[in-house]
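Everything below belongs to structure_14.cif, which stores mmCIF, C-alpha atoms.
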data_input
#
loop_
_atom_site.group_PDB
_atom_site.id
_atom_site.type_symbol
_atom_site.label_atom_id
_atom_site.label_comp_id
_atom_site.auth_asym_id
_atom_site.auth_seq_id
_atom_site.Cartn_x
_atom_site.Cartn_y
_atom_site.Cartn_z
ATOM 1 C CA MET A 1 99.334 116.996 69.418
ATOM 2 C CA LYS A 2 97.398 118.513 66.514
ATOM 3 C CA HIS A 3 99.804 117.546 63.749
ATOM 4 C CA MET A 4 99.741 114.267 61.807
ATOM 5 C CA LYS A 5 103.353 114.144 60.598
ATOM 6 C CA PRO A 6 105.817 111.877 62.435
ATOM 7 C CA ASP A 7 108.474 113.280 64.723
ATOM 8 C CA ILE A 8 111.984 112.594 63.386
ATOM 9 C CA ILE A 9 115.155 112.015 65.407
ATOM 10 C CA PHE A 10 118.458 112.271 63.522
ATOM 11 C CA LEU A 11 121.052 110.749 65.886
ATOM 12 C CA MET A 12 124.678 110.783 64.791
ATOM 13 C CA THR A 13 127.881 109.573 66.410
ATOM 14 C CA ASP A 14 131.341 110.156 64.989
ATOM 15 C CA GLN A 15 133.613 107.321 63.793
ATOM 16 C CA GLN A 16 131.563 104.563 65.422
ATOM 17 C CA ARG A 17 131.907 101.230 63.638
ATOM 18 C CA TRP A 18 128.823 99.103 63.073
ATOM 19 C CA ASP A 19 130.308 96.312 65.212
ATOM 20 C CA CYS A 20 130.680 98.709 68.143
ATOM 21 C CA ILE A 21 126.966 98.414 68.856
ATOM 22 C CA GLY A 22 125.743 96.033 71.531
ATOM 23 C CA LEU A 23 123.165 94.403 69.253
ATOM 24 C CA TYR A 24 125.996 93.053 67.094
ATOM 25 C CA ASN A 25 128.797 92.781 69.626
ATOM 26 C CA PRO A 26 128.158 91.418 73.134
ATOM 27 C CA ALA A 27 131.296 93.139 74.441
ATOM 28 C CA ILE A 28 129.745 96.575 73.792
ATOM 29 C CA LYS A 29 127.111 98.251 75.968
ATOM 30 C CA THR A 30 124.843 100.557 73.935
ATOM 31 C CA PRO A 31 121.329 99.790 75.236
ATOM 32 C CA ASN A 32 119.560 102.801 73.746
ATOM 33 C CA ILE A 33 121.099 102.425 70.287
ATOM 34 C CA ASP A 34 120.174 98.743 70.497
ATOM 35 C CA LYS A 35 116.532 99.685 71.101
ATOM 36 C CA LEU A 36 116.544 101.959 68.060
ATOM 37 C CA ALA A 37 118.042 99.213 65.910
ATOM 38 C CA GLU A 38 115.609 96.582 67.168
ATOM 39 C CA SER A 39 112.549 98.761 66.541
ATOM 40 C CA GLY A 40 113.701 100.316 63.261
ATOM 41 C CA ILE A 41 115.223 99.462 59.902
ATOM 42 C CA VAL A 42 118.897 98.462 59.822
ATOM 43 C CA TYR A 43 120.870 98.791 56.611
ATOM 44 C CA ASN A 44 123.706 96.304 56.197
ATOM 45 C CA GLN A 45 125.336 97.943 53.160
ATOM 46 C CA ALA A 46 125.195 101.642 54.030
ATOM 47 C CA VAL A 47 128.439 103.509 53.344
ATOM 48 C CA CYS A 48 129.735 107.044 53.837
ATOM 49 C CA GLN A 49 130.116 109.163 50.714
ATOM 50 C CA ALA A 50 133.648 110.141 51.723
ATOM 51 C CA PRO A 51 136.231 108.744 54.175
ATOM 52 C CA MET A 52 136.436 112.010 56.126
ATOM 53 C CA CYS A 53 134.122 114.171 58.152
ATOM 54 C CA VAL A 54 133.305 117.403 56.315
ATOM 55 C CA PRO A 55 132.678 115.955 52.839
ATOM 56 C CA SER A 56 130.586 113.137 54.266
ATOM 57 C CA ARG A 57 128.495 115.407 56.481
ATOM 58 C CA SER A 58 127.982 117.949 53.713
ATOM 59 C CA SER A 59 126.845 115.160 51.436
ATOM 60 C CA MET A 60 124.284 113.928 53.961
ATOM 61 C CA MET A 61 122.940 117.383 54.721
ATOM 62 C CA LEU A 62 122.663 118.567 51.119
ATOM 63 C CA GLY A 63 121.868 115.310 49.315
ATOM 64 C CA LEU A 64 124.683 115.547 46.778
ATOM 65 C CA TYR A 65 127.984 113.731 46.258
ATOM 66 C CA PRO A 66 131.186 115.413 47.493
ATOM 67 C CA SER A 67 132.304 115.664 43.868
ATOM 68 C CA GLN A 68 129.151 117.637 43.070
ATOM 69 C CA LEU A 69 129.574 119.881 46.101
ATOM 70 C CA GLY A 70 133.289 120.438 45.577
ATOM 71 C CA VAL A 71 133.886 119.637 49.250
ATOM 72 C CA ARG A 72 136.632 117.014 49.403
ATOM 73 C CA THR A 73 138.656 117.791 52.551
ATOM 74 C CA ASN A 74 138.073 118.641 56.185
ATOM 75 C CA HIS A 75 139.370 122.150 55.491
ATOM 76 C CA GLY A 76 136.679 122.720 52.870
ATOM 77 C CA GLY A 77 133.051 123.668 53.062
ATOM 78 C CA LEU A 78 130.301 125.691 51.428
ATOM 79 C CA TYR A 79 130.627 129.171 52.864
ATOM 80 C CA ASP A 80 128.245 131.362 50.847
ATOM 81 C CA GLU A 81 124.567 130.981 51.640
ATOM 82 C CA ASP A 82 123.467 132.383 48.272
ATOM 83 C CA LYS A 83 125.529 129.743 46.464
ATOM 84 C CA LEU A 84 124.276 126.601 48.212
ATOM 85 C CA PRO A 85 123.250 124.046 45.565
ATOM 86 C CA ALA A 86 120.232 122.899 47.572
ATOM 87 C CA ASP A 87 118.409 123.576 50.817
ATOM 88 C CA PRO A 88 120.160 121.878 53.744
ATOM 89 C CA LEU A 89 118.160 119.151 55.471
ATOM 90 C CA PRO A 90 117.075 121.250 58.491
ATOM 91 C CA GLU A 91 115.843 123.994 56.170
ATOM 92 C CA LEU A 92 113.847 121.453 54.150
ATOM 93 C CA MET A 93 112.276 120.194 57.365
ATOM 94 C CA ARG A 94 111.486 123.727 58.535
ATOM 95 C CA LYS A 95 109.790 124.518 55.226
ATOM 96 C CA ALA A 96 107.788 121.292 55.592
ATOM 97 C CA GLY A 97 106.300 122.601 58.837
ATOM 98 C CA TYR A 98 108.629 120.980 61.352
ATOM 99 C CA GLN A 99 110.072 122.534 64.464
ATOM 100 C CA THR A 100 113.798 122.117 63.888
ATOM 101 C CA ALA A 101 116.248 121.723 66.757
ATOM 102 C CA GLY A 102 119.922 120.898 66.345
ATOM 103 C CA PHE A 103 122.334 119.893 69.093
ATOM 104 C CA GLY A 104 126.004 119.165 68.519
ATOM 105 C CA LYS A 105 128.357 118.932 65.585
ATOM 106 C CA THR A 106 127.466 119.793 61.999
ATOM 107 C CA HIS A 107 130.975 120.771 60.823
ATOM 108 C CA TRP A 108 129.669 123.094 58.114
ATOM 109 C CA ASN A 109 132.874 125.162 58.460
ATOM 110 C CA HIS A 110 130.894 128.177 57.241
ATOM 111 C CA GLY A 111 131.843 130.259 60.264
ATOM 112 C CA HIS A 112 135.416 130.565 59.025
ATOM 113 C CA ARG A 113 134.505 133.090 56.322
ATOM 114 C CA ASN A 114 131.029 134.283 57.250
ATOM 115 C CA PRO A 115 130.853 136.823 60.100
ATOM 116 C CA VAL A 116 127.204 135.910 60.747
ATOM 117 C CA PRO A 117 126.895 132.230 59.767
ATOM 118 C CA PRO A 118 123.249 131.082 59.896
ATOM 119 C CA THR A 119 121.932 127.884 61.442
ATOM 120 C CA ARG A 120 120.811 126.746 57.980
ATOM 121 C CA GLY A 121 117.302 125.897 59.056
ATOM 122 C CA PHE A 122 117.652 125.080 62.752
ATOM 123 C CA GLU A 123 115.329 127.190 64.890
ATOM 124 C CA VAL A 124 116.914 125.933 68.125
ATOM 125 C CA ARG A 125 120.667 125.368 68.092
ATOM 126 C CA SER A 126 123.390 124.398 70.575
ATOM 127 C CA VAL A 127 127.043 123.789 69.680
ATOM 128 C CA GLY A 128 129.647 122.382 72.064
ATOM 129 C CA LEU A 129 132.391 124.782 70.980
ATOM 130 C CA SER A 130 133.392 128.429 71.353
ATOM 131 C CA ARG A 131 132.436 131.370 69.155
ATOM 132 C CA GLU A 132 136.067 131.587 68.067
ATOM 133 C CA SER A 133 136.190 127.992 66.819
ATOM 134 C CA GLY A 134 134.930 128.804 63.328
ATOM 135 C CA HIS A 135 131.756 126.832 64.023
ATOM 136 C CA TYR A 136 129.618 129.546 65.562
ATOM 137 C CA GLU A 137 126.102 129.807 64.124
ATOM 138 C CA ASP A 138 124.022 132.939 64.532
ATOM 139 C CA GLY A 139 121.712 132.615 67.527
ATOM 140 C CA ALA A 140 123.163 129.306 68.675
ATOM 141 C CA VAL A 141 123.916 128.618 72.320
ATOM 142 C CA MET A 142 127.676 128.008 72.397
ATOM 143 C CA MET A 143 129.343 125.999 75.141
ATOM 144 C CA GLY A 144 132.080 128.630 75.300
ATOM 145 C CA ASP A 145 129.489 131.203 76.350
ATOM 146 C CA HIS A 146 127.259 128.971 78.472
ATOM 147 C CA ASP A 147 129.960 126.965 80.286
ATOM 148 C CA PRO A 148 133.360 128.547 79.591
ATOM 149 C CA GLU A 149 134.923 126.804 82.592
ATOM 150 C CA GLY A 150 133.824 123.390 81.343
ATOM 151 C CA LEU A 151 135.056 123.987 77.802
ATOM 152 C CA ARG A 152 138.348 125.314 79.165
ATOM 153 C CA ALA A 153 138.788 122.226 81.353
ATOM 154 C CA TYR A 154 138.119 119.951 78.402
ATOM 155 C CA GLY A 155 140.577 121.855 76.238
ATOM 156 C CA GLU A 156 143.282 121.653 78.889
ATOM 157 C CA GLU A 157 142.809 117.897 79.276
ATOM 158 C CA THR A 158 143.140 117.293 75.522
ATOM 159 C CA ALA A 159 145.720 120.013 74.762
ATOM 160 C CA LEU A 160 148.447 117.514 73.843
ATOM 161 C CA TYR A 161 146.211 115.397 71.597
ATOM 162 C CA GLY A 162 146.950 117.391 68.446
ATOM 163 C CA SER A 163 144.700 118.351 65.556
ATOM 164 C CA GLY A 164 141.315 116.693 65.843
ATOM 165 C CA GLU A 165 142.608 115.012 69.039
ATOM 166 C CA GLU A 166 144.058 112.344 66.743
ATOM 167 C CA ASN A 167 147.773 112.146 67.438
ATOM 168 C CA ALA A 168 149.341 109.178 69.240
ATOM 169 C CA LEU A 169 148.481 110.574 72.663
ATOM 170 C CA GLY A 170 144.860 111.077 71.599
ATOM 171 C CA TYR A 171 144.556 107.451 70.567
ATOM 172 C CA MET A 172 146.347 106.214 73.682
ATOM 173 C CA GLY A 173 143.916 108.270 75.733
ATOM 174 C CA ARG A 174 143.382 108.309 79.466
ATOM 175 C CA THR A 175 140.704 108.148 82.096
ATOM 176 C CA SER A 176 139.193 111.615 82.050
ATOM 177 C CA GLY A 177 139.721 113.734 85.111
ATOM 178 C CA ILE A 178 136.799 116.074 84.454
ATOM 179 C CA PRO A 179 133.098 115.372 85.083
ATOM 180 C CA MET A 180 130.936 114.091 82.251
ATOM 181 C CA GLU A 181 128.956 117.309 81.921
ATOM 182 C CA GLN A 182 132.150 119.239 81.144
ATOM 183 C CA HIS A 183 132.833 117.041 78.156
ATOM 184 C CA ARG A 184 131.457 118.652 75.012
ATOM 185 C CA ASP A 185 129.138 115.701 74.371
ATOM 186 C CA GLY A 186 127.918 115.788 77.957
ATOM 187 C CA TRP A 187 127.074 119.459 77.598
ATOM 188 C CA VAL A 188 125.319 118.877 74.260
ATOM 189 C CA ALA A 189 123.290 116.030 75.746
ATOM 190 C CA GLY A 190 122.248 118.260 78.639
ATOM 191 C CA GLN A 191 121.150 121.007 76.258
ATOM 192 C CA CYS A 192 119.077 118.518 74.292
ATOM 193 C CA LEU A 193 117.413 117.092 77.398
ATOM 194 C CA ASN A 194 116.555 120.584 78.631
ATOM 195 C CA PHE A 195 114.919 121.338 75.296
ATOM 196 C CA LEU A 196 112.904 118.106 75.374
ATOM 197 C CA ASP A 197 111.703 118.972 78.874
ATOM 198 C CA GLY A 198 110.462 122.445 78.036
ATOM 199 C CA GLY A 199 111.058 123.592 74.476
ATOM 200 C CA ILE A 200 108.874 121.448 72.233
ATOM 201 C CA ASP A 201 106.161 123.135 70.179
ATOM 202 C CA PRO A 202 103.076 120.893 70.609
ATOM 203 C CA ASP A 203 101.483 122.248 67.429
ATOM 204 C CA ARG A 204 104.251 121.131 65.084
ATOM 205 C CA PRO A 205 106.084 117.864 64.407
ATOM 206 C CA LEU A 206 109.667 117.795 65.633
ATOM 207 C CA PHE A 207 112.869 117.310 63.662
ATOM 208 C CA LEU A 208 115.542 116.700 66.302
ATOM 209 C CA TYR A 209 119.182 116.509 65.247
ATOM 210 C CA LEU A 210 121.571 115.216 67.918
ATOM 211 C CA SER A 211 125.192 114.792 66.841
ATOM 212 C CA PHE A 212 127.935 113.627 69.199
ATOM 213 C CA LEU A 213 131.679 114.132 68.699
ATOM 214 C CA LYS A 214 132.623 110.761 70.170
ATOM 215 C CA PRO A 215 133.725 107.962 69.945
ATOM 216 C CA HIS A 216 136.094 109.930 67.678
ATOM 217 C CA ALA A 217 139.527 110.311 69.249
ATOM 218 C CA GLY A 218 140.824 111.483 71.668
ATOM 219 C CA PHE A 219 139.982 108.759 74.046
ATOM 220 C CA ASN A 220 139.709 110.680 77.307
ATOM 221 C CA VAL A 221 136.921 108.503 78.647
ATOM 222 C CA PRO A 222 134.785 109.617 81.613
ATOM 223 C CA GLN A 223 135.164 107.308 84.596
ATOM 224 C CA GLU A 224 131.479 106.321 84.502
ATOM 225 C CA PHE A 225 131.870 104.800 81.035
ATOM 226 C CA GLU A 226 135.224 103.200 81.685
ATOM 227 C CA ASP A 227 133.783 101.446 84.728
ATOM 228 C CA LEU A 228 131.317 99.599 82.465
ATOM 229 C CA TYR A 229 134.129 97.505 81.003
ATOM 230 C CA ARG A 230 136.968 95.199 81.991
ATOM 231 C CA LEU A 231 139.817 95.022 79.494
ATOM 232 C CA GLU A 232 140.071 91.284 80.121
ATOM 233 C CA ASP A 233 136.521 90.789 78.831
ATOM 234 C CA ILE A 234 137.099 92.474 75.468
ATOM 235 C CA PRO A 235 138.512 90.197 72.732
ATOM 236 C CA ASP A 236 141.264 91.349 70.425
ATOM 237 C CA ILE A 237 140.061 92.836 67.155
ATOM 238 C CA PRO A 238 140.643 90.481 64.193
ATOM 239 C CA GLN A 239 143.403 91.776 61.960
ATOM 240 C CA PRO A 240 143.602 91.546 58.157
ATOM 241 C CA PRO A 241 146.045 88.896 56.856
ATOM 242 C CA TRP A 242 148.885 91.368 56.449
ATOM 243 C CA GLU A 243 151.575 88.688 56.538
ATOM 244 C CA ASP A 244 149.980 86.788 53.649
ATOM 245 C CA GLU A 245 150.014 89.734 51.245
ATOM 246 C CA GLU A 246 152.631 89.742 48.512
ATOM 247 C CA GLY A 247 154.835 92.621 47.497
ATOM 248 C CA THR A 248 154.393 94.675 50.674
ATOM 249 C CA HIS A 249 156.973 96.271 52.927
ATOM 250 C CA LEU A 250 156.324 93.485 55.440
ATOM 251 C CA SER A 251 157.305 90.787 52.945
ATOM 252 C CA ALA A 252 160.528 92.673 52.156
ATOM 253 C CA THR A 253 161.779 92.547 55.739
#

Would you write out, as structure tokens, the structure that this file holds?
Amino acid sequence: MKHMKPDIIFLMTDQQRWDCIGLYNPAIKTPNIDKLAESGIVYNQAVCQAPMCVPSRSSMMLGLYPSQLGVRTNHGGLYDEDKLPADPLPELMRKAGYQTAGFGKTHWNHGHRNPVPPTRGFEVRSVGLSRESGHYEDGAVMMGDHDPEGLRAYGEETALYGSGEENALGYMGRTSGIPMEQHRDGWVAGQCLNFLDGGIDPDRPLFLYLSFLKPHAGFNVPQEFEDLYRLEDIPDIPQPPWEDEEGTHLSAT
């Protein structure tokens, strides 16, 4: 390659605790994340800027606190491109000479009010949702267009899981009855691998954003992943000392 700048991979999972990584928990199997942690820098006091998705993601992508952005809920977002307080991260990388490719969830929410929502700096873009989801980005490959049958099958399997797939049934979960590639994350991963095989510009450094929806609920786990574990081998999660707290509803019973 002719360029001297480093390639950058921005890998994001959703609602994955730090102790659900194999390097720190022998009950968990995450070999590739373990390799990244072993060869990189690990921060032991990193925190999210907000305890919910959209404010936290907006904060990361724009470099400002949720209070500065005015994005405080998952129903919020910055919708108007001419009113953004700063360039989003992919746009900064594009202006710095990087090829920018984004695969998976950003949760900008800007498709809800903008009929032609831009990719905000991504030159290559794939989103594991439909155009009607409110998360369409202009020029992006949408799973609903590329694999409508797969997205439909996923939607049917999780139809009773409620908003965000987070009701009681979503957390109870099930062994998925659809193949891995019909899961939204499976489709996103396939799109990313196809790009890496044939879409890289050799004359520019690469900024690759890969964002998975899981392990966020619902827990409809593909058989291949479920087969990696035996429930008997996984210890119970330590619980806070609820019974020792004073003045709670538990102590009043």

**Prompt:** Could you state the separation of CA of Gly155 (chain A) and CA of Pro55 (chain A) in Å, given to one decimal place?
**Reply:**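 According to the coordinates, CA of Gly155 (chain A) and CA of Pro55 (chain A) are separated by 25.4 Å.
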
**Request:** Take CA of Val54 (chain A) and CA of Gly102 (chain A) and report the distance between them in Å, one decimal.
**Result:** 17.1 Å

**Message:** Going by the chain IDs and residue numbers used in this file, which residues fall under the PyMOL selection byres ((chain A and resi 60) around 12)? Write them as a list in words.
**Reply:**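 Against this file, the PyMOL selection byres ((chain A and resi 60) around 12) returns the residues Phe10, Met12, Val47, Cys48, Gln49, Ala50, Cys53, Val54, Pro55, Ser56, Arg57, Ser58, Ser59, Met61, Leu62, Gly63, Leu64, Tyr65, Pro66, Leu69, Ala86, Asp87, Pro88, Leu89, Pro90, Thr106, His107 and Trp108 of chain A.
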
Could you write those residues out with C-alpha atoms, as a PDB file, keeping the file's coordinate frame?
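Heads up, here's the output in out-v7.pdb:
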ATOM      1  CA  PHE A  10     118.458 112.271  63.522  1.00  0.00           C
ATOM      2  CA  MET A  12     124.678 110.783  64.791  1.00  0.00           C
ATOM      3  CA  VAL A  47     128.439 103.509  53.344  1.00  0.00           C
ATOM      4  CA  CYS A  48     129.735 107.044  53.837  1.00  0.00           C
ATOM      5  CA  GLN A  49     130.116 109.163  50.714  1.00  0.00           C
ATOM      6  CA  ALA A  50     133.648 110.141  51.723  1.00  0.00           C
ATOM      7  CA  CYS A  53     134.122 114.171  58.152  1.00  0.00           C
ATOM      8  CA  VAL A  54     133.305 117.403  56.315  1.00  0.00           C
ATOM      9  CA  PRO A  55     132.678 115.955  52.839  1.00  0.00           C
ATOM     10  CA  SER A  56     130.586 113.137  54.266  1.00  0.00           C
ATOM     11  CA  ARG A  57     128.495 115.407  56.481  1.00  0.00           C
ATOM     12  CA  SER A  58     127.982 117.949  53.713  1.00  0.00           C
ATOM     13  CA  SER A  59     126.845 115.160  51.436  1.00  0.00           C
ATOM     14  CA  MET A  61     122.940 117.383  54.721  1.00  0.00           C
ATOM     15  CA  LEU A  62     122.663 118.567  51.119  1.00  0.00           C
ATOM     16  CA  GLY A  63     121.868 115.310  49.315  1.00  0.00           C
ATOM     17  CA  LEU A  64     124.683 115.547  46.778  1.00  0.00           C
ATOM     18  CA  TYR A  65     127.984 113.731  46.258  1.00  0.00           C
ATOM     19  CA  PRO A  66     131.186 115.413  47.493  1.00  0.00           C
ATOM     20  CA  LEU A  69     129.574 119.881  46.101  1.00  0.00           C
ATOM     21  CA  ALA A  86     120.232 122.899  47.572  1.00  0.00           C
ATOM     22  CA  ASP A  87     118.409 123.576  50.817  1.00  0.00           C
ATOM     23  CA  PRO A  88     120.160 121.878  53.744  1.00  0.00           C
ATOM     24  CA  LEU A  89     118.160 119.151  55.471  1.00  0.00           C
ATOM     25  CA  PRO A  90     117.075 121.250  58.491  1.00  0.00           C
ATOM     26  CA  THR A 106     127.466 119.793  61.999  1.00  0.00           C
ATOM     27  CA  HIS A 107     130.975 120.771  60.823  1.00  0.00           C
ATOM     28  CA  TRP A 108     129.669 123.094  58.114  1.00  0.00           C
TER      29      TRP A 108
END

**Request:** Apply the PyMOL selection byres ((chain A and resi 179-192) around 6) to the displayed file and report the matching residues as a list of chain:residue names.
**Result:**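 Applying the expression gives A:Gly104, A:Gly128, A:Gly150, A:Ile178, A:Leu193, A:Asn194, A:Phe195, A:Phe212, A:Pro222.
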
The PyMOL selection byres ((chain A and resi 233-240) around 12) resolved against shown file, as a compact mmCIF listing (two decimals) with C-alpha atoms, keeping the file's coordinate frame:
# COMPACT_ATOMS: atom_id res chain seq x y z
CA ASP A 19 130.31 96.31 65.21
CA CYS A 20 130.68 98.71 68.14
CA ASN A 25 128.80 92.78 69.63
CA PRO A 26 128.16 91.42 73.13
CA ALA A 27 131.30 93.14 74.44
CA ILE A 28 129.74 96.58 73.79
CA LYS A 29 127.11 98.25 75.97
CA LEU A 228 131.32 99.60 82.46
CA TYR A 229 134.13 97.50 81.00
CA ARG A 230 136.97 95.20 81.99
CA LEU A 231 139.82 95.02 79.49
CA GLU A 232 140.07 91.28 80.12
CA PRO A 241 146.04 88.90 56.86
CA TRP A 242 148.88 91.37 56.45
CA GLU A 243 151.57 88.69 56.54
CA ASP A 244 149.98 86.79 53.65
CA GLU A 245 150.01 89.73 51.24

Would you please take region 192-222 of chain A of the structure in the block above and write N, CA and C atoms to a file as a short mmCIF file (atom, residue, chain, number, x, y, z; two decimals), in the first residue's frame?
data_model
loop_
_atom_site.label_atom_id
_atom_site.label_comp_id
_atom_site.auth_asym_id
_atom_site.auth_seq_id
_atom_site.Cartn_x
_atom_site.Cartn_y
_atom_site.Cartn_z
N CYS A 192 -19.64 -7.37 5.47
CA CYS A 192 -18.30 -6.87 5.81
C CYS A 192 -17.21 -7.75 5.21
N LEU A 193 -17.38 -9.06 5.30
CA LEU A 193 -16.38 -9.98 4.75
C LEU A 193 -16.30 -9.85 3.24
N ASN A 194 -17.43 -9.67 2.58
CA ASN A 194 -17.42 -9.47 1.13
C ASN A 194 -16.65 -8.20 0.75
N PHE A 195 -16.84 -7.16 1.53
CA PHE A 195 -16.12 -5.91 1.27
C PHE A 195 -14.61 -6.12 1.46
N LEU A 196 -14.22 -6.80 2.53
CA LEU A 196 -12.80 -7.02 2.79
C LEU A 196 -12.16 -7.86 1.68
N ASP A 197 -12.95 -8.74 1.09
CA ASP A 197 -12.42 -9.59 0.01
C ASP A 197 -12.24 -8.83 -1.30
N GLY A 198 -13.06 -7.80 -1.54
CA GLY A 198 -12.96 -7.18 -2.86
C GLY A 198 -13.22 -5.70 -2.94
N GLY A 199 -13.40 -5.02 -1.81
CA GLY A 199 -13.78 -3.61 -1.88
C GLY A 199 -12.77 -2.62 -1.36
N ILE A 200 -11.63 -3.08 -0.88
CA ILE A 200 -10.68 -2.17 -0.25
C ILE A 200 -9.91 -1.37 -1.30
N ASP A 201 -9.78 -0.08 -1.04
CA ASP A 201 -8.98 0.81 -1.88
C ASP A 201 -7.53 0.73 -1.42
N PRO A 202 -6.62 0.17 -2.23
CA PRO A 202 -5.24 -0.02 -1.79
C PRO A 202 -4.46 1.28 -1.65
N ASP A 203 -4.99 2.37 -2.17
CA ASP A 203 -4.28 3.64 -2.15
C ASP A 203 -4.65 4.52 -0.96
N ARG A 204 -5.58 4.04 -0.13
CA ARG A 204 -5.98 4.82 1.03
C ARG A 204 -6.01 3.95 2.28
N PRO A 205 -5.74 4.53 3.45
CA PRO A 205 -5.94 3.76 4.69
C PRO A 205 -7.43 3.51 4.89
N LEU A 206 -7.73 2.49 5.68
CA LEU A 206 -9.12 2.06 5.86
C LEU A 206 -9.62 2.38 7.26
N PHE A 207 -10.79 3.00 7.33
CA PHE A 207 -11.54 3.11 8.59
C PHE A 207 -12.74 2.19 8.46
N LEU A 208 -12.72 1.09 9.20
CA LEU A 208 -13.76 0.06 9.12
C LEU A 208 -14.56 0.06 10.41
N TYR A 209 -15.84 0.34 10.28
CA TYR A 209 -16.76 0.34 11.42
C TYR A 209 -17.66 -0.88 11.30
N LEU A 210 -17.62 -1.75 12.32
CA LEU A 210 -18.41 -2.97 12.33
C LEU A 210 -19.16 -3.03 13.66
N SER A 211 -20.48 -2.89 13.60
CA SER A 211 -21.29 -2.77 14.81
C SER A 211 -22.39 -3.82 14.82
N PHE A 212 -22.31 -4.72 15.81
CA PHE A 212 -23.28 -5.80 15.92
C PHE A 212 -24.41 -5.42 16.88
N LEU A 213 -25.60 -5.98 16.64
CA LEU A 213 -26.76 -5.74 17.49
C LEU A 213 -26.73 -6.58 18.76
N LYS A 214 -26.10 -7.71 18.73
CA LYS A 214 -26.05 -8.62 19.86
C LYS A 214 -24.74 -8.41 20.62
N PRO A 215 -24.72 -8.87 21.90
CA PRO A 215 -25.64 -9.78 22.62
C PRO A 215 -26.86 -9.13 23.26
N HIS A 216 -27.23 -7.94 22.83
CA HIS A 216 -28.50 -7.30 23.21
C HIS A 216 -29.64 -8.31 23.04
N ALA A 217 -30.60 -8.26 23.98
CA ALA A 217 -31.79 -9.10 23.81
C ALA A 217 -32.49 -8.72 22.50
N GLY A 218 -33.28 -9.69 21.91
CA GLY A 218 -33.66 -10.97 22.44
C GLY A 218 -32.62 -12.07 22.22
N PHE A 219 -32.75 -13.03 23.06
CA PHE A 219 -31.78 -14.10 23.08
C PHE A 219 -32.22 -15.30 22.24
N ASN A 220 -32.42 -15.07 20.97
CA ASN A 220 -32.71 -16.16 20.03
C ASN A 220 -31.37 -16.59 19.42
N VAL A 221 -30.72 -17.50 20.10
CA VAL A 221 -29.32 -17.83 19.82
C VAL A 221 -29.21 -18.88 18.71
N PRO A 222 -28.42 -18.64 17.67
CA PRO A 222 -28.21 -19.67 16.65
C PRO A 222 -27.63 -20.94 17.26
#
